[in-house]
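Shown below: upload-v3.cif, with mmCIF, C-alpha atoms.
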```cif
data_work
loop_
_atom_site.group_PDB
_atom_site.id
_atom_site.type_symbol
_atom_site.label_atom_id
_atom_site.label_comp_id
_atom_site.auth_asym_id
_atom_site.auth_seq_id
_atom_site.Cartn_x
_atom_site.Cartn_y
_atom_site.Cartn_z
ATOM 1 C CA SER A 1 0.000 0.000 0.000
ATOM 2 C CA LEU A 2 1.112 3.551 -0.688
ATOM 3 C CA LEU A 3 0.893 4.570 2.968
ATOM 4 C CA VAL A 4 3.191 1.747 4.021
ATOM 5 C CA GLU A 5 5.702 2.868 1.392
ATOM 6 C CA ILE A 6 5.674 6.555 2.366
ATOM 7 C CA GLY A 7 4.972 6.265 6.109
ATOM 8 C CA ASP A 8 8.614 6.943 6.999
ATOM 9 C CA LEU A 9 8.760 9.917 4.627
ATOM 10 C CA LEU A 10 5.623 11.383 6.176
ATOM 11 C CA GLN A 11 7.062 10.933 9.675
ATOM 12 C CA LYS A 12 10.330 12.617 8.632
ATOM 13 C CA ALA A 13 8.393 15.446 6.968
ATOM 14 C CA VAL A 14 6.557 16.321 10.195
ATOM 15 C CA GLY A 15 9.623 15.988 12.420
ATOM 16 C CA ALA A 16 10.552 13.991 15.496
ATOM 17 C CA GLU A 17 8.728 16.236 17.985
ATOM 18 C CA THR A 18 5.390 15.989 16.173
ATOM 19 C CA THR A 19 3.082 13.084 16.944
ATOM 20 C CA PHE A 20 2.102 11.571 13.612
ATOM 21 C CA ASN A 21 -0.535 8.854 13.206
ATOM 22 C CA ILE A 22 -1.915 6.979 10.214
ATOM 23 C CA GLN A 23 -5.406 5.511 10.543
ATOM 24 C CA MET A 24 -6.631 3.347 7.714
ATOM 25 C CA ASP A 25 -9.986 1.607 7.509
ATOM 26 C CA GLU A 26 -9.798 -2.175 7.179
ATOM 27 C CA GLN A 27 -11.180 -2.242 3.650
ATOM 28 C CA VAL A 28 -10.266 0.756 1.486
ATOM 29 C CA ASP A 29 -11.156 0.754 -2.185
ATOM 30 C CA HIS A 30 -8.725 1.636 -4.952
ATOM 31 C CA VAL A 31 -8.310 4.992 -6.697
ATOM 32 C CA LEU A 32 -7.002 5.532 -10.208
ATOM 33 C CA VAL A 33 -4.270 8.162 -9.791
ATOM 34 C CA ASP A 34 -0.555 8.520 -10.253
ATOM 35 C CA LYS A 35 0.919 6.967 -7.114
ATOM 36 C CA MET A 36 3.974 9.233 -6.893
ATOM 37 C CA SER A 37 1.895 12.377 -7.390
ATOM 38 C CA LEU A 38 -0.447 11.324 -4.592
ATOM 39 C CA ALA A 39 2.538 10.584 -2.339
ATOM 40 C CA THR A 40 4.005 14.020 -3.071
ATOM 41 C CA LEU A 41 0.694 15.718 -2.272
ATOM 42 C CA LEU A 42 0.320 13.852 1.022
ATOM 43 C CA ILE A 43 3.849 14.887 1.999
ATOM 44 C CA ASN A 44 2.986 18.472 1.022
ATOM 45 C CA LEU A 45 -0.100 18.378 3.273
ATOM 46 C CA ALA A 46 1.945 16.854 6.107
ATOM 47 C CA ILE A 47 4.455 19.724 5.860
ATOM 48 C CA HIS A 48 1.635 22.284 5.959
ATOM 49 C CA ALA A 49 0.238 20.541 9.039
ATOM 50 C CA ARG A 50 3.687 20.499 10.653
ATOM 51 C CA ASP A 51 3.962 24.250 10.151
ATOM 52 C CA ALA A 52 0.494 24.726 11.653
ATOM 53 C CA VAL A 53 1.423 22.806 14.814
ATOM 54 C CA ALA A 54 4.817 24.554 14.984
ATOM 55 C CA GLY A 55 6.486 21.128 14.948
ATOM 56 C CA ARG A 56 5.060 20.094 18.319
ATOM 57 C CA GLY A 57 1.446 19.020 17.891
ATOM 58 C CA THR A 58 -0.464 16.042 16.614
ATOM 59 C CA ILE A 59 -1.140 15.227 12.969
ATOM 60 C CA THR A 60 -3.312 12.340 11.829
ATOM 61 C CA LEU A 61 -3.727 11.030 8.296
ATOM 62 C CA SER A 62 -6.838 8.903 7.971
ATOM 63 C CA VAL A 63 -7.920 6.999 4.883
ATOM 64 C CA GLY A 64 -11.273 5.379 4.281
ATOM 65 C CA ASN A 65 -14.192 4.978 1.935
ATOM 66 C CA ALA A 66 -16.823 7.704 1.704
ATOM 67 C CA CYS A 67 -20.269 7.001 0.316
ATOM 68 C CA LEU A 68 -21.262 10.238 -1.382
ATOM 69 C CA LYS A 69 -23.674 10.250 -4.278
ATOM 70 C CA LEU A 70 -22.750 13.053 -6.646
ATOM 71 C CA PRO A 71 -23.794 13.687 -10.253
ATOM 72 C CA ASP A 72 -21.364 12.278 -12.836
ATOM 73 C CA THR A 73 -19.616 10.173 -10.180
ATOM 74 C CA PRO A 74 -20.664 6.531 -10.140
ATOM 75 C CA GLY A 75 -19.861 4.837 -6.855
ATOM 76 C CA GLY A 76 -18.170 6.426 -3.928
ATOM 77 C CA PHE A 77 -14.893 7.987 -2.962
ATOM 78 C CA VAL A 78 -11.776 7.219 -1.016
ATOM 79 C CA VAL A 79 -11.073 10.098 1.358
ATOM 80 C CA PHE A 80 -7.618 11.065 2.625
ATOM 81 C CA LYS A 81 -7.922 13.368 5.655
ATOM 82 C CA MET A 82 -4.944 15.246 7.098
ATOM 83 C CA ARG A 83 -5.944 16.566 10.529
ATOM 84 C CA ASP A 84 -3.826 18.775 12.782
ATOM 85 C CA ASP A 85 -4.379 20.386 16.163
ATOM 86 C CA GLY A 86 -2.454 23.488 15.161
ATOM 87 C CA SER A 87 -3.190 27.182 14.979
ATOM 88 C CA GLY A 88 -6.060 26.856 12.510
ATOM 89 C CA MET A 89 -7.071 29.501 9.997
ATOM 90 C CA SER A 90 -9.401 32.457 10.169
ATOM 91 C CA HIS A 91 -12.404 32.581 7.842
ATOM 92 C CA GLU A 92 -10.610 35.247 5.756
ATOM 93 C CA VAL A 93 -7.509 33.096 5.265
ATOM 94 C CA LEU A 94 -9.579 29.964 4.597
ATOM 95 C CA GLU A 95 -11.407 31.770 1.772
ATOM 96 C CA ARG A 96 -8.072 32.464 0.011
ATOM 97 C CA ILE A 97 -6.083 29.237 0.412
ATOM 98 C CA PHE A 98 -6.783 28.026 -3.130
ATOM 99 C CA GLU A 99 -5.498 31.262 -4.703
ATOM 100 C CA PRO A 100 -2.152 30.729 -6.428
ATOM 101 C CA PHE A 101 0.688 32.587 -4.674
ATOM 102 C CA PHE A 102 -1.384 33.313 -1.546
ATOM 103 C CA THR A 103 0.609 32.405 1.545
ATOM 104 C CA THR A 104 0.629 33.262 5.221
ATOM 105 C CA LYS A 105 4.298 32.280 5.508
ATOM 106 C CA ALA A 106 7.173 34.707 5.833
ATOM 107 C CA PRO A 107 9.016 35.796 2.675
ATOM 108 C CA ASN A 108 11.189 33.015 1.239
ATOM 109 C CA GLN A 109 9.314 30.425 3.350
ATOM 110 C CA GLY A 110 6.651 29.367 0.842
ATOM 111 C CA THR A 111 5.393 30.059 -2.653
ATOM 112 C CA GLY A 112 1.669 29.770 -2.075
ATOM 113 C CA LEU A 113 1.457 27.067 -4.735
ATOM 114 C CA GLY A 114 1.202 23.928 -2.579
ATOM 115 C CA ILE A 115 -2.512 23.902 -1.767
ATOM 116 C CA PRO A 116 -3.595 25.083 -5.266
ATOM 117 C CA MET A 117 -1.477 22.242 -6.754
ATOM 118 C CA VAL A 118 -3.153 19.709 -4.448
ATOM 119 C CA LYS A 119 -6.591 21.002 -5.479
ATOM 120 C CA ASN A 120 -5.684 20.875 -9.174
ATOM 121 C CA PHE A 121 -4.482 17.263 -8.888
ATOM 122 C CA VAL A 122 -7.567 16.143 -6.984
ATOM 123 C CA GLU A 123 -9.965 17.836 -9.416
ATOM 124 C CA SER A 124 -8.120 16.545 -12.493
ATOM 125 C CA SER A 125 -8.465 13.061 -10.961
ATOM 126 C CA GLY A 126 -12.252 13.485 -10.798
ATOM 127 C CA GLY A 127 -12.397 14.294 -7.106
ATOM 128 C CA PHE A 128 -12.766 17.290 -4.865
ATOM 129 C CA MET A 129 -11.152 18.836 -1.828
ATOM 130 C CA ASP A 130 -12.648 20.154 1.401
ATOM 131 C CA VAL A 131 -10.919 22.190 4.107
ATOM 132 C CA GLU A 132 -12.310 22.869 7.569
ATOM 133 C CA SER A 133 -10.437 25.064 10.021
ATOM 134 C CA ALA A 134 -10.926 27.139 13.141
ATOM 135 C CA PRO A 135 -8.421 29.374 14.899
ATOM 136 C CA GLY A 136 -6.895 27.675 17.930
ATOM 137 C CA ILE A 137 -8.508 24.328 17.099
ATOM 138 C CA GLY A 138 -6.779 23.115 13.950
ATOM 139 C CA THR A 139 -7.436 22.122 10.377
ATOM 140 C CA VAL A 140 -8.755 19.120 8.463
ATOM 141 C CA VAL A 141 -7.881 18.868 4.767
ATOM 142 C CA SER A 142 -9.914 16.174 2.981
ATOM 143 C CA LEU A 143 -9.090 14.826 -0.469
ATOM 144 C CA TYR A 144 -11.975 12.887 -2.035
ATOM 145 C CA LEU A 145 -10.847 10.709 -4.942
ATOM 146 C CA PRO A 146 -13.292 8.547 -6.934
ATOM 147 C CA MET A 147 -13.180 4.810 -6.276
ATOM 148 C CA SER A 148 -11.929 2.671 -9.127
ATOM 149 C CA MET A 149 -13.023 -0.859 -9.923
ATOM 150 C CA GLN A 150 -9.820 -1.505 -11.881
ATOM 151 C CA ASP A 151 -7.219 -3.876 -10.513
ATOM 152 C CA VAL A 152 -4.043 -2.340 -9.130
ATOM 153 C CA VAL A 153 -1.200 -2.394 -11.647
ATOM 154 C CA ASP A 154 2.192 -0.787 -11.697
ATOM 155 C CA ALA A 155 2.930 1.018 -14.928
ATOM 156 C CA PRO A 156 5.650 -0.804 -16.873
ATOM 157 C CA CYS A 157 8.962 0.983 -17.187
ATOM 158 C CA GLU A 158 9.639 2.028 -20.743
ATOM 159 C CA ARG A 159 13.024 1.319 -22.235
ATOM 160 C CA SER A 160 14.930 4.144 -23.723
ATOM 161 C CA SER A 161 15.551 3.690 -27.442
ATOM 162 C CA SER A 162 19.247 4.370 -26.799
ATOM 163 C CA ALA A 163 19.528 1.551 -24.258
ATOM 164 C CA PRO A 164 21.529 -1.427 -25.489
ATOM 165 C CA GLN A 165 19.457 -4.483 -26.294
ATOM 166 C CA THR A 166 20.343 -7.584 -24.313
#
```
Target encoding structure tokens, full file:
Amino acid sequence: SLLVEIGDLLQKAVGAETTFNIQMDEQVDHVLVDKMSLATLLINLAIHARDAVAGRGTITLSVGNACLKLPDTPGGFVVFKMRDDGSGMSHEVLERIFEPFFTTKAPNQGTGLGIPMVKNFVESSGGFMDVESAPGIGTVVSLYLPMSMQDVVDAPCERSSSAPQT
């Protein structure tokens, strides 16, 4: 599973003083997305959560099935939720987080492209993103990706035409 593969990376991304948990439902359906892109986005969200807890709080990534009936989406979703008990965001900040180049970080600390890139990936994969936050309570970022009935396959590596034939 992807979470087993990147669990150590996620833990390193949040730092040793942050409590990091992964909670996965027993039976989680498959999603049809690029595995490395999803891993990168989860690490991105973990880093945002780490910043929100100032490296000393609790972050939980939970993964499970979500039964939502939406037009043009047969079946349900798999939801990835990154929850932190950090500083949270005001309503004004929350309204702007999907704007490219909007950031609350100090100069040279962030580009303001991370969350818009996550949203773009999720939407181009047929899903949607939800963010709930309250100052002093924390934030929950939820990525809803459509379930896939296809079997899991790893994409074959393509040989370069300049590689010697053996």
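Shortest separation to Lys81 in chain A among A:Asp34, A:Glu26, A:Asp130, A:Asp8 occurs at residue A:Asp130, atoms counted being all atoms listed in the file.
Residues matched by the PyMOL selection byres ((chain A and resi 59-63) around 6) in this structure: A:Phe20, A:Asn21, A:Ile22, A:Gln23, A:Met24, A:Thr58, A:Gly64, A:Val79, A:Phe80, A:Lys81, A:Met82, A:Arg83, A:Asp84.
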Notebook entry, point to check: Counting all atoms listed in the file, what is within 12 Å of Arg50 in chain A, bar same-chain residues fewer than 2 positions away, as JSON, numbers by chain?
Noted result: {"A": [10, 11, 12, 13, 14, 15, 16, 17, 18, 19, 20, 43, 44, 45, 46, 47, 48, 52, 53, 54, 55, 56, 57, 58, 59, 60, 82, 83, 84, 85, 86, 87, 88, 138, 139]}
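Counting from CA of Ala66 in chain A, the distance to CA of Gly126 in chain A is 14.5 Å.
Compared by their closest atoms to Leu94 in chain A, and using all atoms listed in the file, the residues A:Val141, A:Asn65, A:Ser124, A:Asn108 rank with A:Val141 nearest.
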Would you please take range 28-62 of chain A of the structure in the block above and write N, CA, C and O atoms to a file as a PDB file, in the first residue's frame?
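Here's the written file out02.pdb:
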```pdb
ATOM      1  N   VAL A  28     -10.244  -0.496   2.239  1.00  0.00           N
ATOM      2  CA  VAL A  28     -10.266   0.756   1.486  1.00  0.00           C
ATOM      3  C   VAL A  28     -10.211   0.418   0.002  1.00  0.00           C
ATOM      4  O   VAL A  28      -9.359  -0.368  -0.429  1.00  0.00           O
ATOM      5  N   ASP A  29     -11.132   1.000  -0.747  1.00  0.00           N
ATOM      6  CA  ASP A  29     -11.156   0.754  -2.185  1.00  0.00           C
ATOM      7  C   ASP A  29      -9.974   1.428  -2.878  1.00  0.00           C
ATOM      8  O   ASP A  29      -9.246   2.212  -2.282  1.00  0.00           O
ATOM      9  N   HIS A  30      -9.821   1.103  -4.157  1.00  0.00           N
ATOM     10  CA  HIS A  30      -8.725   1.636  -4.952  1.00  0.00           C
ATOM     11  C   HIS A  30      -9.119   2.974  -5.584  1.00  0.00           C
ATOM     12  O   HIS A  30     -10.299   3.262  -5.775  1.00  0.00           O
ATOM     13  N   VAL A  31      -8.119   3.773  -5.912  1.00  0.00           N
ATOM     14  CA  VAL A  31      -8.310   4.992  -6.697  1.00  0.00           C
ATOM     15  C   VAL A  31      -7.388   4.908  -7.901  1.00  0.00           C
ATOM     16  O   VAL A  31      -6.341   4.250  -7.846  1.00  0.00           O
ATOM     17  N   LEU A  32      -7.791   5.550  -8.982  1.00  0.00           N
ATOM     18  CA  LEU A  32      -7.002   5.532 -10.208  1.00  0.00           C
ATOM     19  C   LEU A  32      -6.279   6.877 -10.338  1.00  0.00           C
ATOM     20  O   LEU A  32      -6.819   7.841 -10.887  1.00  0.00           O
ATOM     21  N   VAL A  33      -5.084   6.950  -9.755  1.00  0.00           N
ATOM     22  CA  VAL A  33      -4.270   8.162  -9.791  1.00  0.00           C
ATOM     23  C   VAL A  33      -2.811   7.767  -9.907  1.00  0.00           C
ATOM     24  O   VAL A  33      -2.444   6.619  -9.654  1.00  0.00           O
ATOM     25  N   ASP A  34      -1.993   8.740 -10.240  1.00  0.00           N
ATOM     26  CA  ASP A  34      -0.555   8.520 -10.253  1.00  0.00           C
ATOM     27  C   ASP A  34      -0.068   8.409  -8.810  1.00  0.00           C
ATOM     28  O   ASP A  34      -0.238   9.333  -8.014  1.00  0.00           O
ATOM     29  N   LYS A  35       0.504   7.277  -8.484  1.00  0.00           N
ATOM     30  CA  LYS A  35       0.919   6.967  -7.114  1.00  0.00           C
ATOM     31  C   LYS A  35       1.947   7.967  -6.576  1.00  0.00           C
ATOM     32  O   LYS A  35       1.841   8.421  -5.438  1.00  0.00           O
ATOM     33  N   MET A  36       2.926   8.313  -7.366  1.00  0.00           N
ATOM     34  CA  MET A  36       3.974   9.233  -6.893  1.00  0.00           C
ATOM     35  C   MET A  36       3.423  10.648  -6.703  1.00  0.00           C
ATOM     36  O   MET A  36       3.827  11.347  -5.774  1.00  0.00           O
ATOM     37  N   SER A  37       2.509  11.057  -7.556  1.00  0.00           N
ATOM     38  CA  SER A  37       1.895  12.377  -7.390  1.00  0.00           C
ATOM     39  C   SER A  37       1.083  12.434  -6.103  1.00  0.00           C
ATOM     40  O   SER A  37       1.153  13.406  -5.356  1.00  0.00           O
ATOM     41  N   LEU A  38       0.324  11.367  -5.828  1.00  0.00           N
ATOM     42  CA  LEU A  38      -0.447  11.324  -4.592  1.00  0.00           C
ATOM     43  C   LEU A  38       0.479  11.336  -3.379  1.00  0.00           C
ATOM     44  O   LEU A  38       0.231  12.044  -2.407  1.00  0.00           O
ATOM     45  N   ALA A  39       1.564  10.591  -3.444  1.00  0.00           N
ATOM     46  CA  ALA A  39       2.538  10.584  -2.339  1.00  0.00           C
ATOM     47  C   ALA A  39       3.101  11.976  -2.110  1.00  0.00           C
ATOM     48  O   ALA A  39       3.190  12.451  -0.967  1.00  0.00           O
ATOM     49  N   THR A  40       3.461  12.665  -3.171  1.00  0.00           N
ATOM     50  CA  THR A  40       4.005  14.020  -3.071  1.00  0.00           C
ATOM     51  C   THR A  40       2.992  14.964  -2.433  1.00  0.00           C
ATOM     52  O   THR A  40       3.342  15.782  -1.576  1.00  0.00           O
ATOM     53  N   LEU A  41       1.723  14.848  -2.827  1.00  0.00           N
ATOM     54  CA  LEU A  41       0.694  15.718  -2.272  1.00  0.00           C
ATOM     55  C   LEU A  41       0.463  15.445  -0.787  1.00  0.00           C
ATOM     56  O   LEU A  41       0.270  16.378  -0.005  1.00  0.00           O
ATOM     57  N   LEU A  42       0.492  14.178  -0.391  1.00  0.00           N
ATOM     58  CA  LEU A  42       0.320  13.852   1.022  1.00  0.00           C
ATOM     59  C   LEU A  42       1.486  14.395   1.850  1.00  0.00           C
ATOM     60  O   LEU A  42       1.293  14.900   2.960  1.00  0.00           O
ATOM     61  N   ILE A  43       2.686  14.317   1.307  1.00  0.00           N
ATOM     62  CA  ILE A  43       3.849  14.887   1.999  1.00  0.00           C
ATOM     63  C   ILE A  43       3.699  16.403   2.095  1.00  0.00           C
ATOM     64  O   ILE A  43       3.968  17.002   3.141  1.00  0.00           O
ATOM     65  N   ASN A  44       3.231  17.033   1.024  1.00  0.00           N
ATOM     66  CA  ASN A  44       2.986  18.472   1.022  1.00  0.00           C
ATOM     67  C   ASN A  44       1.998  18.846   2.129  1.00  0.00           C
ATOM     68  O   ASN A  44       2.225  19.782   2.899  1.00  0.00           O
ATOM     69  N   LEU A  45       0.898  18.102   2.234  1.00  0.00           N
ATOM     70  CA  LEU A  45      -0.100  18.378   3.273  1.00  0.00           C
ATOM     71  C   LEU A  45       0.476  18.149   4.667  1.00  0.00           C
ATOM     72  O   LEU A  45       0.172  18.895   5.604  1.00  0.00           O
ATOM     73  N   ALA A  46       1.320  17.124   4.814  1.00  0.00           N
ATOM     74  CA  ALA A  46       1.945  16.854   6.107  1.00  0.00           C
ATOM     75  C   ALA A  46       2.854  18.009   6.520  1.00  0.00           C
ATOM     76  O   ALA A  46       2.893  18.406   7.692  1.00  0.00           O
ATOM     77  N   ILE A  47       3.571  18.583   5.565  1.00  0.00           N
ATOM     78  CA  ILE A  47       4.455  19.724   5.860  1.00  0.00           C
ATOM     79  C   ILE A  47       3.634  20.946   6.259  1.00  0.00           C
ATOM     80  O   ILE A  47       3.988  21.659   7.202  1.00  0.00           O
ATOM     81  N   HIS A  48       2.522  21.179   5.566  1.00  0.00           N
ATOM     82  CA  HIS A  48       1.635  22.284   5.959  1.00  0.00           C
ATOM     83  C   HIS A  48       1.125  22.082   7.382  1.00  0.00           C
ATOM     84  O   HIS A  48       1.074  23.015   8.180  1.00  0.00           O
ATOM     85  N   ALA A  49       0.734  20.847   7.695  1.00  0.00           N
ATOM     86  CA  ALA A  49       0.238  20.541   9.039  1.00  0.00           C
ATOM     87  C   ALA A  49       1.351  20.735  10.074  1.00  0.00           C
ATOM     88  O   ALA A  49       1.103  21.269  11.162  1.00  0.00           O
ATOM     89  N   ARG A  50       2.546  20.305   9.744  1.00  0.00           N
ATOM     90  CA  ARG A  50       3.687  20.499  10.653  1.00  0.00           C
ATOM     91  C   ARG A  50       3.889  21.975  10.968  1.00  0.00           C
ATOM     92  O   ARG A  50       4.113  22.372  12.112  1.00  0.00           O
ATOM     93  N   ASP A  51       3.804  22.798   9.944  1.00  0.00           N
ATOM     94  CA  ASP A  51       3.962  24.250  10.151  1.00  0.00           C
ATOM     95  C   ASP A  51       2.844  24.787  11.043  1.00  0.00           C
ATOM     96  O   ASP A  51       3.072  25.649  11.883  1.00  0.00           O
ATOM     97  N   ALA A  52       1.634  24.258  10.866  1.00  0.00           N
ATOM     98  CA  ALA A  52       0.494  24.726  11.653  1.00  0.00           C
ATOM     99  C   ALA A  52       0.620  24.356  13.129  1.00  0.00           C
ATOM    100  O   ALA A  52       0.154  25.095  13.995  1.00  0.00           O
ATOM    101  N   VAL A  53       1.258  23.220  13.418  1.00  0.00           N
ATOM    102  CA  VAL A  53       1.423  22.806  14.814  1.00  0.00           C
ATOM    103  C   VAL A  53       2.768  23.258  15.374  1.00  0.00           C
ATOM    104  O   VAL A  53       3.131  22.901  16.492  1.00  0.00           O
ATOM    105  N   ALA A  54       3.493  24.049  14.593  1.00  0.00           N
ATOM    106  CA  ALA A  54       4.817  24.554  14.984  1.00  0.00           C
ATOM    107  C   ALA A  54       5.746  23.402  15.386  1.00  0.00           C
ATOM    108  O   ALA A  54       6.568  23.536  16.283  1.00  0.00           O
ATOM    109  N   GLY A  55       5.603  22.260  14.719  1.00  0.00           N
ATOM    110  CA  GLY A  55       6.486  21.128  14.948  1.00  0.00           C
ATOM    111  C   GLY A  55       6.277  20.385  16.243  1.00  0.00           C
ATOM    112  O   GLY A  55       7.065  19.510  16.586  1.00  0.00           O
ATOM    113  N   ARG A  56       5.219  20.718  17.007  1.00  0.00           N
ATOM    114  CA  ARG A  56       5.060  20.094  18.319  1.00  0.00           C
ATOM    115  C   ARG A  56       3.647  19.594  18.619  1.00  0.00           C
ATOM    116  O   ARG A  56       3.337  19.311  19.767  1.00  0.00           O
ATOM    117  N   GLY A  57       2.818  19.447  17.638  1.00  0.00           N
ATOM    118  CA  GLY A  57       1.446  19.020  17.891  1.00  0.00           C
ATOM    119  C   GLY A  57       1.192  17.610  17.423  1.00  0.00           C
ATOM    120  O   GLY A  57       2.097  16.791  17.336  1.00  0.00           O
ATOM    121  N   THR A  58      -0.055  17.357  17.091  1.00  0.00           N
ATOM    122  CA  THR A  58      -0.464  16.042  16.614  1.00  0.00           C
ATOM    123  C   THR A  58      -1.066  16.171  15.224  1.00  0.00           C
ATOM    124  O   THR A  58      -1.909  17.040  14.976  1.00  0.00           O
ATOM    125  N   ILE A  59      -0.633  15.282  14.340  1.00  0.00           N
ATOM    126  CA  ILE A  59      -1.140  15.227  12.969  1.00  0.00           C
ATOM    127  C   ILE A  59      -1.596  13.802  12.723  1.00  0.00           C
ATOM    128  O   ILE A  59      -0.888  12.851  13.063  1.00  0.00           O
ATOM    129  N   THR A  60      -2.781  13.665  12.135  1.00  0.00           N
ATOM    130  CA  THR A  60      -3.312  12.340  11.829  1.00  0.00           C
ATOM    131  C   THR A  60      -3.750  12.299  10.373  1.00  0.00           C
ATOM    132  O   THR A  60      -4.509  13.166   9.930  1.00  0.00           O
ATOM    133  N   LEU A  61      -3.258  11.303   9.648  1.00  0.00           N
ATOM    134  CA  LEU A  61      -3.727  11.030   8.296  1.00  0.00           C
ATOM    135  C   LEU A  61      -4.652   9.829   8.390  1.00  0.00           C
ATOM    136  O   LEU A  61      -4.247   8.762   8.853  1.00  0.00           O
ATOM    137  N   SER A  62      -5.898  10.020   7.993  1.00  0.00           N
ATOM    138  CA  SER A  62      -6.838   8.903   7.971  1.00  0.00           C
ATOM    139  C   SER A  62      -7.291   8.659   6.539  1.00  0.00           C
ATOM    140  O   SER A  62      -7.409   9.593   5.744  1.00  0.00           O
TER     141      SER A  62
END
```
